[in-house]
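Undergrad: Here you go, one structure.
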Amino acid sequence: QSRSFPQSFNKRMWESIYNYGSLTAANAKEIGIVDSLPVVDPLDSLLQANKSDEALKEAKEKLGKTIDLSSFRGTKAVSLQEYRSSIAKRKRAEERKWKIHEKLKYLAEKSGATRQILSLLQCDAPNYNIEMDQYISSRHREKKEKIAVVHVTGSIMSPMAKKITDTLRKIKKDEDVKCVVIRVDSSGGSAIASEA
């Protein structure tokens with residue numbers, strides 16, 4: 001059904017959806033964008049499916065063809081707080097690794113003996129303690145220049161103006177951004193907010 005929308009689903013309908021914003025799953029089903037809504041939260045079944053073949057078979061029966069179980073690799077549900085904490089921990093470890101890299105590089109440049117010791121420990125230049133492929137990819141990442149695109153859609157009022165100015169300030173701090181494109185699709189709004 002979602003592949004062949006009714007005749008009433010025309011340009012005007014798309015514009016209405018675009019102007020409305022995001023739809024709930026029930027709204028999407030009601031107008032024919034999605035075919036079905038699973039009545040169960042599949043996360044528990046998906047997590048169990050990775051634990052045994054029997055659980056995988058049960059999950060396939062329960063979920064049917066709505067979800068491709070072969071691509072799901074999760075084994076544990078975590079809260080957003082736990083996830084944020086693990087990401088921050090990984091980031092701190094990565095930063096420490098690069099600080100050590102910079103110190104080893106400095107020491108190797110200053111002393112031939114240090115360079116030989118690092119070579120014996122298989123921590124040669126230029127990557128030292130960083131895996132070579134990670135070192136190379138980071139060097140490419142450093143040189144990337146970016147173009148920031150900021151979309152301004154709808155009436156421009158104070159909350160939106162604040163959000164836009166905060167975004168532009170954040171972009172200004174990013175040294176890799178070389179160009180900013182601001183796309184405005186607005187009927188207007190508050191004069192004060194528009195000036196911001």
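Ligands are numbered from 1 in the order shown, residues from 1 within each chain, and chains are lettered A, B, ... in the order they appear in the structure tokens.
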Quick one: pick out all alpha helix (DSSP H) residues within segment 6-186 of chain A from a backbone DSSP run and write them as JSON, numbers by chain.
TA: {"A": [11, 12, 13, 14, 15, 16, 17, 18, 19, 20, 25, 26, 27, 28, 29, 30, 31, 43, 44, 45, 46, 47, 48, 49, 53, 54, 55, 56, 57, 58, 59, 60, 61, 62, 63, 80, 81, 82, 83, 84, 85, 86, 87, 88, 89, 90, 91, 92, 93, 94, 95, 96, 97, 98, 99, 100, 101, 102, 103, 104, 105, 106, 107, 108, 109, 110, 112, 113, 114, 115, 116, 117, 118, 119, 120, 132, 133, 134, 135, 136, 137, 138, 139, 140, 141, 142, 158, 159, 160, 161, 162, 163, 164, 165, 166, 167, 168, 169, 170, 171, 172, 173]}
Undergrad: Give me, as a Markdown table, the closest atom pair and its distance (Å, one decimal) for every residue of segment 69-110 of chain A within a cut-off of 9 Å of segment 126-135 of chain A, counting only C-alpha atoms, rows sorted by chain and rising number.
TA:
| residue | atom | partner | partner_atom | distance |
| --- | --- | --- | --- | --- |
| A:Lys97 | CA | A:Ile130 | CA | 7.5 |
| A:Trp98 | CA | A:Ile130 | CA | 7.7 |
| A:Ile100 | CA | A:Asn129 | CA | 7.7 |
| A:His101 | CA | A:Asn129 | CA | 6.0 |
| A:Leu104 | CA | A:Tyr128 | CA | 7.0 |
| A:Lys105 | CA | A:Tyr128 | CA | 7.3 |
Undergrad: If you run DSSP over the backbone, which residues in segment 107-182 of chain A end up strand (DSSP E)? Put them as a PDB file with all heavy atoms, in the first residue's frame.
TA:
ATOM      1  N   LYS A 146      34.971  21.941   5.560  1.00  0.00           N
ATOM      2  CA  LYS A 146      33.538  21.688   5.558  1.00  0.00           C
ATOM      3  C   LYS A 146      32.760  22.928   5.132  1.00  0.00           C
ATOM      4  O   LYS A 146      33.218  24.051   5.307  1.00  0.00           O
ATOM      5  CB  LYS A 146      33.072  21.278   6.956  1.00  0.00           C
ATOM      6  CG  LYS A 146      33.701  20.002   7.467  1.00  0.00           C
ATOM      7  CD  LYS A 146      33.091  19.570   8.776  1.00  0.00           C
ATOM      8  CE  LYS A 146      33.794  20.201   9.942  1.00  0.00           C
ATOM      9  NZ  LYS A 146      33.384  19.699  11.240  1.00  0.00           N
ATOM     10  N   ILE A 147      31.589  22.658   4.584  1.00  0.00           N
ATOM     11  CA  ILE A 147      30.611  23.704   4.293  1.00  0.00           C
ATOM     12  C   ILE A 147      29.419  23.428   5.197  1.00  0.00           C
ATOM     13  O   ILE A 147      28.849  22.343   5.164  1.00  0.00           O
ATOM     14  CB  ILE A 147      30.169  23.685   2.816  1.00  0.00           C
ATOM     15  CG1 ILE A 147      31.351  23.972   1.907  1.00  0.00           C
ATOM     16  CG2 ILE A 147      29.034  24.676   2.591  1.00  0.00           C
ATOM     17  CD1 ILE A 147      31.047  23.812   0.429  1.00  0.00           C
ATOM     18  N   ALA A 148      29.066  24.395   6.020  1.00  0.00           N
ATOM     19  CA  ALA A 148      27.928  24.225   6.923  1.00  0.00           C
ATOM     20  C   ALA A 148      26.675  24.751   6.225  1.00  0.00           C
ATOM     21  O   ALA A 148      26.694  25.825   5.628  1.00  0.00           O
ATOM     22  CB  ALA A 148      28.166  24.979   8.215  1.00  0.00           C
ATOM     23  N   VAL A 149      25.600  23.964   6.292  1.00  0.00           N
ATOM     24  CA  VAL A 149      24.319  24.378   5.725  1.00  0.00           C
ATOM     25  C   VAL A 149      23.325  24.495   6.873  1.00  0.00           C
ATOM     26  O   VAL A 149      23.101  23.542   7.608  1.00  0.00           O
ATOM     27  CB  VAL A 149      23.804  23.366   4.672  1.00  0.00           C
ATOM     28  CG1 VAL A 149      22.468  23.824   4.113  1.00  0.00           C
ATOM     29  CG2 VAL A 149      24.817  23.185   3.566  1.00  0.00           C
ATOM     30  N   VAL A 150      22.762  25.694   7.029  1.00  0.00           N
ATOM     31  CA  VAL A 150      21.786  25.942   8.094  1.00  0.00           C
ATOM     32  C   VAL A 150      20.440  26.190   7.435  1.00  0.00           C
ATOM     33  O   VAL A 150      20.312  27.080   6.585  1.00  0.00           O
ATOM     34  CB  VAL A 150      22.197  27.167   8.949  1.00  0.00           C
ATOM     35  CG1 VAL A 150      21.166  27.431  10.030  1.00  0.00           C
ATOM     36  CG2 VAL A 150      23.574  26.972   9.551  1.00  0.00           C
ATOM     37  N   HIS A 151      19.446  25.382   7.798  1.00  0.00           N
ATOM     38  CA  HIS A 151      18.098  25.529   7.250  1.00  0.00           C
ATOM     39  C   HIS A 151      17.240  26.328   8.232  1.00  0.00           C
ATOM     40  O   HIS A 151      17.175  25.990   9.418  1.00  0.00           O
ATOM     41  CB  HIS A 151      17.445  24.159   7.026  1.00  0.00           C
ATOM     42  CG  HIS A 151      18.110  23.372   5.945  1.00  0.00           C
ATOM     43  ND1 HIS A 151      17.742  23.478   4.632  1.00  0.00           N
ATOM     44  CD2 HIS A 151      19.132  22.483   5.977  1.00  0.00           C
ATOM     45  CE1 HIS A 151      18.489  22.683   3.899  1.00  0.00           C
ATOM     46  NE2 HIS A 151      19.347  22.072   4.702  1.00  0.00           N
ATOM     47  N   VAL A 152      16.596  27.363   7.740  1.00  0.00           N
ATOM     48  CA  VAL A 152      15.662  28.153   8.537  1.00  0.00           C
ATOM     49  C   VAL A 152      14.311  27.997   7.866  1.00  0.00           C
ATOM     50  O   VAL A 152      14.095  28.499   6.768  1.00  0.00           O
ATOM     51  CB  VAL A 152      16.084  29.636   8.588  1.00  0.00           C
ATOM     52  CG1 VAL A 152      15.094  30.438   9.415  1.00  0.00           C
ATOM     53  CG2 VAL A 152      17.494  29.785   9.120  1.00  0.00           C
ATOM     54  N   THR A 153      13.408  27.258   8.516  1.00  0.00           N
ATOM     55  CA  THR A 153      12.108  26.962   7.922  1.00  0.00           C
ATOM     56  C   THR A 153      11.001  27.396   8.869  1.00  0.00           C
ATOM     57  O   THR A 153      11.027  27.055  10.054  1.00  0.00           O
ATOM     58  CB  THR A 153      11.988  25.450   7.646  1.00  0.00           C
ATOM     59  OG1 THR A 153      13.110  25.038   6.886  1.00  0.00           O
ATOM     60  CG2 THR A 153      10.729  25.131   6.875  1.00  0.00           C
ATOM     61  N   VAL A 177      35.221  24.568   9.159  1.00  0.00           N
ATOM     62  CA  VAL A 177      34.143  25.140   8.350  1.00  0.00           C
ATOM     63  C   VAL A 177      34.682  26.358   7.610  1.00  0.00           C
ATOM     64  O   VAL A 177      35.134  27.323   8.216  1.00  0.00           O
ATOM     65  CB  VAL A 177      32.925  25.531   9.219  1.00  0.00           C
ATOM     66  CG1 VAL A 177      31.874  26.240   8.377  1.00  0.00           C
ATOM     67  CG2 VAL A 177      32.325  24.307   9.869  1.00  0.00           C
ATOM     68  N   LYS A 178      34.655  26.289   6.300  1.00  0.00           N
ATOM     69  CA  LYS A 178      35.188  27.363   5.456  1.00  0.00           C
ATOM     70  C   LYS A 178      34.095  28.204   4.817  1.00  0.00           C
ATOM     71  O   LYS A 178      34.359  29.243   4.251  1.00  0.00           O
ATOM     72  CB  LYS A 178      36.089  26.774   4.359  1.00  0.00           C
ATOM     73  CG  LYS A 178      37.238  25.954   4.889  1.00  0.00           C
ATOM     74  CD  LYS A 178      38.139  26.756   5.798  1.00  0.00           C
ATOM     75  CE  LYS A 178      39.247  25.898   6.363  1.00  0.00           C
ATOM     76  NZ  LYS A 178      39.979  26.523   7.426  1.00  0.00           N
ATOM     77  N   CYS A 179      32.839  27.715   4.873  1.00  0.00           N
ATOM     78  CA  CYS A 179      31.741  28.416   4.222  1.00  0.00           C
ATOM     79  C   CYS A 179      30.442  28.068   4.946  1.00  0.00           C
ATOM     80  O   CYS A 179      30.279  26.944   5.422  1.00  0.00           O
ATOM     81  CB  CYS A 179      31.668  27.978   2.756  1.00  0.00           C
ATOM     82  SG  CYS A 179      30.278  28.654   1.852  1.00  0.00           S
ATOM     83  N   VAL A 180      29.553  29.041   5.048  1.00  0.00           N
ATOM     84  CA  VAL A 180      28.238  28.809   5.658  1.00  0.00           C
ATOM     85  C   VAL A 180      27.167  29.180   4.642  1.00  0.00           C
ATOM     86  O   VAL A 180      27.197  30.282   4.087  1.00  0.00           O
ATOM     87  CB  VAL A 180      28.052  29.642   6.943  1.00  0.00           C
ATOM     88  CG1 VAL A 180      26.664  29.414   7.532  1.00  0.00           C
ATOM     89  CG2 VAL A 180      29.113  29.323   7.967  1.00  0.00           C
ATOM     90  N   VAL A 181      26.255  28.240   4.402  1.00  0.00           N
ATOM     91  CA  VAL A 181      25.112  28.494   3.526  1.00  0.00           C
ATOM     92  C   VAL A 181      23.879  28.510   4.416  1.00  0.00           C
ATOM     93  O   VAL A 181      23.632  27.562   5.157  1.00  0.00           O
ATOM     94  CB  VAL A 181      24.966  27.392   2.448  1.00  0.00           C
ATOM     95  CG1 VAL A 181      23.714  27.622   1.617  1.00  0.00           C
ATOM     96  CG2 VAL A 181      26.203  27.341   1.579  1.00  0.00           C
ATOM     97  N   ILE A 182      23.129  29.597   4.355  1.00  0.00           N
ATOM     98  CA  ILE A 182      21.901  29.687   5.143  1.00  0.00           C
ATOM     99  C   ILE A 182      20.736  29.654   4.167  1.00  0.00           C
ATOM    100  O   ILE A 182      20.600  30.532   3.317  1.00  0.00           O
ATOM    101  CB  ILE A 182      21.864  30.970   5.991  1.00  0.00           C
ATOM    102  CG1 ILE A 182      23.064  31.006   6.942  1.00  0.00           C
ATOM    103  CG2 ILE A 182      20.566  31.048   6.772  1.00  0.00           C
ATOM    104  CD1 ILE A 182      23.175  32.275   7.751  1.00  0.00           C
TER     105      ILE A 182
END
Undergrad: Between atom CA of Gly74 of chain A and atom CA of Leu47 of chain A, what is the distance, to one decimal in Å?
TA: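 Going from atom CA of Gly74 of chain A over to atom CA of Leu47 of chain A covers 6.0 Å.
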Undergrad: Please indicate the distance in Å from atom CA of Asp53 of chain A to atom CA of Ser70 of chain A, rounded to one decimal place.
TA: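 Result for atom CA of Asp53 of chain A versus atom CA of Ser70 of chain A: 12.0 Å, one decimal.
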Undergrad: Excluding Val78 of chain A and residues on its chain fewer than 4 positions from it, collect all residues at most 12 Å away from it, counting only C-alpha atoms, and give them as a list in words.
TA: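 Residues meeting the cut-off are Leu43, Asp44, Leu47, Gly74, Glu82, Tyr83, Arg84, Ser85 and Ser86 of chain A.
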Undergrad: For Gly188 of chain A, which of A:Ala161, A:Ala25, A:Ile31, A:Ile156 is the closest residue, counting only C-alpha atoms?
TA: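 That would be A:Ile156, the residue with the smallest distance to Gly188 of chain A.
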Undergrad: Measure the distance from atom CA of Glu102 of chain A to atom CA of Ser138 of chain A in Å and round it to one decimal.
TA: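 Computing it gives 13.7 Å between the two atoms.
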Undergrad: Under the rule that only C-alpha atoms are counted, which of A:Leu46, A:Ala55, A:Ala113, A:Leu107 is the nearest residue to Leu69 of chain A?
TA: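 Once distances to Leu69 of chain A are computed over only C-alpha atoms, the minimum belongs to A:Leu46.
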